[in-house]
$ cat my_file_24.txt   # compact mmCIF, C-alpha atoms
# COMPACT_ATOMS: atom_id res chain seq x y z
CA ILE A 4 90.37 102.71 109.87
CA PHE A 5 89.21 101.38 113.21
CA GLN A 6 88.09 97.78 113.42
CA ASP A 7 86.48 96.34 116.53
CA LEU A 8 87.46 99.35 118.62
CA SER A 9 86.00 99.30 122.10
CA LEU A 10 86.67 102.14 124.51
CA ILE A 11 85.23 102.36 128.01
CA ILE A 12 85.67 105.60 129.93
CA HIS A 13 84.11 105.74 133.35
CA SER A 14 82.09 108.81 134.31
CA GLY A 15 84.08 111.65 135.83
CA LYS A 16 87.44 110.35 134.64
CA THR A 17 90.00 112.34 132.71
CA VAL A 18 91.47 110.49 129.75
CA ALA A 19 94.25 111.43 127.36
CA LEU A 20 94.65 109.82 123.96
CA VAL A 21 98.34 109.73 123.12
CA GLY A 22 100.23 108.00 120.37
CA GLU A 23 102.25 108.38 117.23
CA SER A 24 101.20 110.72 114.47
CA GLY A 25 98.57 109.08 112.31
CA SER A 26 97.52 106.54 114.94
CA GLY A 27 93.89 107.74 115.04
CA LYS A 28 93.74 110.05 118.07
CA SER A 29 92.17 112.95 116.15
CA THR A 30 89.82 110.57 114.36
CA ALA A 31 88.60 109.12 117.66
CA ILE A 32 87.96 112.58 119.11
CA SER A 33 86.28 113.76 115.90
CA LEU A 34 83.94 110.78 116.08
CA LEU A 35 83.18 111.35 119.77
CA GLU A 36 82.53 115.05 119.19
CA ARG A 37 80.48 114.19 116.09
CA PHE A 38 82.40 116.26 113.60
CA TYR A 39 81.47 113.28 111.48
CA ASP A 40 79.67 110.01 112.09
CA PRO A 41 81.05 106.50 111.51
CA TYR A 42 80.44 104.97 108.09
CA SER A 43 79.63 101.69 109.77
CA GLY A 44 79.18 100.57 113.33
CA TYR A 45 78.04 102.85 116.10
CA ILE A 46 79.14 104.84 119.10
CA THR A 47 77.20 104.63 122.33
CA LEU A 48 77.33 106.55 125.59
CA ASP A 49 75.76 104.64 128.47
CA GLY A 50 74.13 102.38 125.87
CA ILE A 51 72.56 105.29 123.95
CA GLU A 52 73.66 105.93 120.37
CA ILE A 53 75.57 109.20 120.24
CA GLN A 54 73.41 110.51 117.37
CA LYS A 55 70.45 110.69 119.78
CA PHE A 56 72.18 113.39 121.85
CA LYS A 57 71.96 117.04 120.84
CA LEU A 58 74.97 117.81 118.66
CA LYS A 59 76.51 120.34 121.03
CA TRP A 60 76.28 118.07 124.11
CA PRO A 61 79.27 115.79 123.37
CA ARG A 62 81.32 118.83 122.37
CA GLN A 63 80.61 120.42 125.75
CA GLN A 64 81.83 117.27 127.52
CA ILE A 65 85.15 116.84 125.71
CA GLY A 66 88.16 119.13 125.72
CA LEU A 67 90.51 118.91 122.77
CA VAL A 68 94.10 120.09 122.82
CA SER A 69 95.10 120.06 119.18
CA GLN A 70 98.63 119.87 117.84
CA GLU A 71 97.81 122.87 115.68
CA PRO A 72 96.47 125.90 117.53
CA ILE A 73 93.62 127.72 115.86
CA LEU A 74 92.95 131.41 116.42
CA PHE A 75 90.01 133.25 114.95
CA ASN A 76 90.16 136.83 113.63
CA ASP A 77 88.73 138.20 116.85
CA THR A 78 89.87 139.32 120.28
CA ILE A 79 91.88 137.15 122.66
CA CYS A 80 88.90 137.28 124.97
CA ALA A 81 86.55 135.99 122.24
CA ASN A 82 89.00 133.23 121.27
CA ILE A 83 89.13 131.99 124.87
CA ALA A 84 85.34 132.24 125.24
CA TYR A 85 84.72 130.38 121.95
CA GLY A 86 84.18 127.01 123.61
CA LYS A 87 81.29 128.45 125.59
CA GLU A 88 79.79 129.95 122.44
CA GLY A 89 80.92 133.40 123.54
CA ASN A 90 78.95 133.23 126.79
CA ALA A 91 81.88 133.04 129.19
CA THR A 92 82.16 135.49 132.05
CA GLU A 93 85.31 137.54 132.53
CA ALA A 94 86.14 135.36 135.56
CA GLU A 95 85.78 132.18 133.46
CA ILE A 96 87.98 133.65 130.73
CA LEU A 97 90.66 134.59 133.27
CA ALA A 98 90.47 131.12 134.85
CA ALA A 99 90.83 129.47 131.43
CA ALA A 100 93.84 131.66 130.62
CA GLU A 101 95.44 130.73 133.93
CA LEU A 102 94.80 127.00 133.38
CA ALA A 103 96.39 127.29 129.93
CA ASN A 104 99.33 129.15 131.49
CA ALA A 105 98.65 131.99 129.06
CA HIS A 106 97.65 134.66 131.57
CA LYS A 107 101.18 136.12 131.93
CA PHE A 108 101.55 136.46 128.16
CA ILE A 109 98.09 137.97 127.82
CA GLY A 110 98.74 140.30 130.75
CA GLY A 111 101.69 141.74 128.84
CA LEU A 112 99.39 142.85 126.02
CA GLU A 113 97.17 145.92 126.02
CA ASN A 114 94.17 143.99 127.35
CA VAL A 115 92.06 140.91 126.66
CA LYS A 116 90.21 142.89 124.00
CA THR A 117 93.38 142.86 121.87
CA LEU A 118 92.54 141.84 118.32
CA VAL A 119 94.08 138.63 116.98
CA LEU A 120 94.65 138.48 113.25
CA ALA A 121 95.10 134.92 112.08
CA PHE A 122 97.48 134.33 109.20
CA THR A 123 95.85 132.53 106.30

$ encode --input "my_file_24.txt" --output "structure tokens"
Amino acid sequence: IFQDLSLIIHSGKTVALVGESGSGKSTAISLLERFYDPYSGYITLDGIEIQKFKLKWPRQQIGLVSQEPILFNDTICANIAYGKEGNATEAEILAAAELANAHKFIGGLENVKTLVLAFT
């Protein structure tokens, strides 16, 4: 439970939330990305309540690197493109794979259309 939490992030800055397990990092990101809204209090961006923004906007602004990777039952290509709602170009997908240092692993597979079967 956060009490009197104030967080100021200046435009264009990259910020990492780090801390012990259970310290609230995932909760803070979930609130900022509006996976759920606060029970009390409010979140503002430039003085505007976050609920006034279109739901997908904050999610497009924030990158989340989770402790638990999630893969969907789809191709590697589709999994990488997921953050852009499947509308990523091949060049963007390749760039994302390179940034994630996954391009060598992926290159060793048949192709980026390789099907990923998630274990449930």

$ closest_residue --input "my_file_24.txt" --among "A:His106, A:Pro72, A:Ala99, A:Arg37" --to "A:Ala84" --atoms "only C-alpha atoms"
A:Ala99

$ residues_around --input "my_file_24.txt" --residues "stretch 43-57 of chain A" --least-positions-apart "6" --cutoff "10 Å" --atoms "all atoms listed in the file" --output "MDAnalysis selection string"
chainID A and resid 6:14 34:37

$ closest_residue --input "my_file_24.txt" --among "A:Ile32, A:Leu20, A:Leu67, A:Leu112" --to "A:Cys80" --atoms "only C-alpha atoms"
A:Leu112

$ residues_near_point --input "my_file_24.txt" --point "(94.3, 115.4, 125.6)" --cutoff "12 Å" --atoms "all atoms listed in the file" --output "list in words"
Thr17, Val18, Ala19, Leu20, Val21, Gly22, Lys28, Ser29, Ala31, Ile32, Ile65, Gly66, Leu67, Val68, Ser69 and Gln70 of chain A

$ axis_aligned_box --input "my_file_24.txt" --around "stretch 40-46 of chain A" --padding-each-side "6 Å" --output "AutoDock Vina command-line options"
--center_x 79.5 --center_y 105.3 --center_z 113.6 --size_x 15.0 --size_y 21.4 --size_z 23.0

$ atom_distance --input "my_file_24.txt" --atom1 "atom CA of A:Ala100" --atom2 "atom CA of A:Trp60"
23.1 Å

$ closest_residue --input "my_file_24.txt" --among "A:Leu102, A:Gln63, A:Gly15, A:Phe38" --to "A:Glu88" --atoms "only C-alpha atoms"
A:Gln63

$ atom_distance --input "my_file_24.txt" --atom1 "atom CA of A:Ile109" --atom2 "atom CA of A:Ile79"
8.1 Å

$ atom_distance --input "my_file_24.txt" --atom1 "atom CA of A:Ala94" --atom2 "atom CA of A:Gly110"
14.4 Å

$ closest_residue --input "my_file_24.txt" --among "A:Glu71, A:Ile96, A:Tyr42, A:Glu23" --to "A:Phe5" --atoms "all atoms listed in the file"
A:Tyr42

$ decode --input "my_file_24.txt" --residues "stretch 42-122 of chain A" --atoms "C-alpha atoms" --output "PDB file, in the first residue's frame"
ATOM      1  CA  TYR A  42      -8.630   2.974  -4.844  1.00  0.00           C
ATOM      2  CA  SER A  43      -7.967   6.412  -3.436  1.00  0.00           C
ATOM      3  CA  GLY A  44      -5.863   9.346  -4.464  1.00  0.00           C
ATOM      4  CA  TYR A  45      -4.941  10.089  -8.036  1.00  0.00           C
ATOM      5  CA  ILE A  46      -2.192   9.919 -10.608  1.00  0.00           C
ATOM      6  CA  THR A  47      -1.441  12.919 -12.782  1.00  0.00           C
ATOM      7  CA  LEU A  48       0.765  13.464 -15.802  1.00  0.00           C
ATOM      8  CA  ASP A  49       1.618  17.126 -16.339  1.00  0.00           C
ATOM      9  CA  GLY A  50      -1.238  17.967 -13.968  1.00  0.00           C
ATOM     10  CA  ILE A  51      -3.811  15.928 -15.926  1.00  0.00           C
ATOM     11  CA  GLU A  52      -5.432  12.930 -14.249  1.00  0.00           C
ATOM     12  CA  ILE A  53      -4.242   9.771 -15.972  1.00  0.00           C
ATOM     13  CA  GLN A  54      -7.820   8.517 -16.460  1.00  0.00           C
ATOM     14  CA  LYS A  55      -8.390  11.357 -18.955  1.00  0.00           C
ATOM     15  CA  PHE A  56      -5.831   9.889 -21.370  1.00  0.00           C
ATOM     16  CA  LYS A  57      -6.820   7.153 -23.805  1.00  0.00           C
ATOM     17  CA  LEU A  58      -6.094   3.819 -22.146  1.00  0.00           C
ATOM     18  CA  LYS A  59      -3.461   2.721 -24.654  1.00  0.00           C
ATOM     19  CA  TRP A  60      -1.473   5.993 -24.474  1.00  0.00           C
ATOM     20  CA  PRO A  61       0.335   5.382 -21.145  1.00  0.00           C
ATOM     21  CA  ARG A  62       1.063   1.807 -22.217  1.00  0.00           C
ATOM     22  CA  GLN A  63       2.740   3.090 -25.371  1.00  0.00           C
ATOM     23  CA  GLN A  64       4.956   5.390 -23.295  1.00  0.00           C
ATOM     24  CA  ILE A  65       6.215   2.847 -20.765  1.00  0.00           C
ATOM     25  CA  GLY A  66       8.356  -0.217 -21.347  1.00  0.00           C
ATOM     26  CA  LEU A  67       8.116  -3.006 -18.809  1.00  0.00           C
ATOM     27  CA  VAL A  68      10.756  -5.668 -18.329  1.00  0.00           C
ATOM     28  CA  SER A  69       9.054  -8.224 -16.141  1.00  0.00           C
ATOM     29  CA  GLN A  70      10.771 -10.775 -13.939  1.00  0.00           C
ATOM     30  CA  GLU A  71       8.588 -13.422 -15.554  1.00  0.00           C
ATOM     31  CA  PRO A  72       8.722 -13.552 -19.344  1.00  0.00           C
ATOM     32  CA  ILE A  73       5.415 -14.079 -21.089  1.00  0.00           C
ATOM     33  CA  LEU A  74       5.149 -15.709 -24.496  1.00  0.00           C
ATOM     34  CA  PHE A  75       1.917 -16.093 -26.390  1.00  0.00           C
ATOM     35  CA  ASN A  76       0.993 -19.150 -28.472  1.00  0.00           C
ATOM     36  CA  ASP A  77       2.040 -17.434 -31.675  1.00  0.00           C
ATOM     37  CA  THR A  78       5.146 -16.832 -33.754  1.00  0.00           C
ATOM     38  CA  ILE A  79       8.320 -15.240 -32.417  1.00  0.00           C
ATOM     39  CA  CYS A  80       7.660 -12.404 -34.827  1.00  0.00           C
ATOM     40  CA  ALA A  81       4.139 -11.848 -33.432  1.00  0.00           C
ATOM     41  CA  ASN A  82       5.413 -11.995 -29.836  1.00  0.00           C
ATOM     42  CA  ILE A  83       7.977  -9.277 -30.567  1.00  0.00           C
ATOM     43  CA  ALA A  84       5.415  -7.164 -32.450  1.00  0.00           C
ATOM     44  CA  TYR A  85       2.826  -7.508 -29.654  1.00  0.00           C
ATOM     45  CA  GLY A  86       3.675  -4.169 -28.046  1.00  0.00           C
ATOM     46  CA  LYS A  87       2.806  -2.394 -31.279  1.00  0.00           C
ATOM     47  CA  GLU A  88      -0.483  -4.283 -31.516  1.00  0.00           C
ATOM     48  CA  GLY A  89       0.959  -6.448 -34.289  1.00  0.00           C
ATOM     49  CA  ASN A  90       1.690  -3.451 -36.515  1.00  0.00           C
ATOM     50  CA  ALA A  91       5.482  -3.576 -36.365  1.00  0.00           C
ATOM     51  CA  THR A  92       7.507  -3.659 -39.547  1.00  0.00           C
ATOM     52  CA  GLU A  93      10.075  -6.384 -40.121  1.00  0.00           C
ATOM     53  CA  ALA A  94      12.817  -3.779 -39.563  1.00  0.00           C
ATOM     54  CA  GLU A  95      11.268  -2.771 -36.208  1.00  0.00           C
ATOM     55  CA  ILE A  96      11.002  -6.411 -35.155  1.00  0.00           C
ATOM     56  CA  LEU A  97      14.646  -7.029 -36.052  1.00  0.00           C
ATOM     57  CA  ALA A  98      15.713  -3.867 -34.196  1.00  0.00           C
ATOM     58  CA  ALA A  99      13.744  -4.946 -31.106  1.00  0.00           C
ATOM     59  CA  ALA A 100      15.333  -8.405 -31.220  1.00  0.00           C
ATOM     60  CA  GLU A 101      18.787  -6.835 -31.464  1.00  0.00           C
ATOM     61  CA  LEU A 102      18.093  -4.464 -28.550  1.00  0.00           C
ATOM     62  CA  ALA A 103      16.937  -7.434 -26.469  1.00  0.00           C
ATOM     63  CA  ASN A 104      20.085  -9.328 -27.502  1.00  0.00           C
ATOM     64  CA  ALA A 105      17.835 -12.102 -28.808  1.00  0.00           C
ATOM     65  CA  HIS A 106      18.674 -11.824 -32.502  1.00  0.00           C
ATOM     66  CA  LYS A 107      21.460 -14.452 -32.406  1.00  0.00           C
ATOM     67  CA  PHE A 108      19.192 -16.975 -30.691  1.00  0.00           C
ATOM     68  CA  ILE A 109      16.343 -16.229 -33.081  1.00  0.00           C
ATOM     69  CA  GLY A 110      18.705 -16.403 -36.058  1.00  0.00           C
ATOM     70  CA  GLY A 111      19.538 -19.978 -35.077  1.00  0.00           C
ATOM     71  CA  LEU A 112      15.903 -20.997 -35.493  1.00  0.00           C
ATOM     72  CA  GLU A 113      14.128 -21.720 -38.768  1.00  0.00           C
ATOM     73  CA  ASN A 114      12.881 -18.135 -39.103  1.00  0.00           C
ATOM     74  CA  VAL A 115      10.985 -15.444 -37.212  1.00  0.00           C
ATOM     75  CA  LYS A 116       7.750 -17.167 -38.200  1.00  0.00           C
ATOM     76  CA  THR A 117       8.660 -20.069 -35.884  1.00  0.00           C
ATOM     77  CA  LEU A 118       5.700 -20.958 -33.697  1.00  0.00           C
ATOM     78  CA  VAL A 119       6.068 -20.533 -29.944  1.00  0.00           C
ATOM     79  CA  LEU A 120       3.983 -22.840 -27.786  1.00  0.00           C
ATOM     80  CA  ALA A 121       3.677 -21.510 -24.269  1.00  0.00           C
ATOM     81  CA  PHE A 122       3.529 -24.039 -21.463  1.00  0.00           C
TER      82      PHE A 122
END
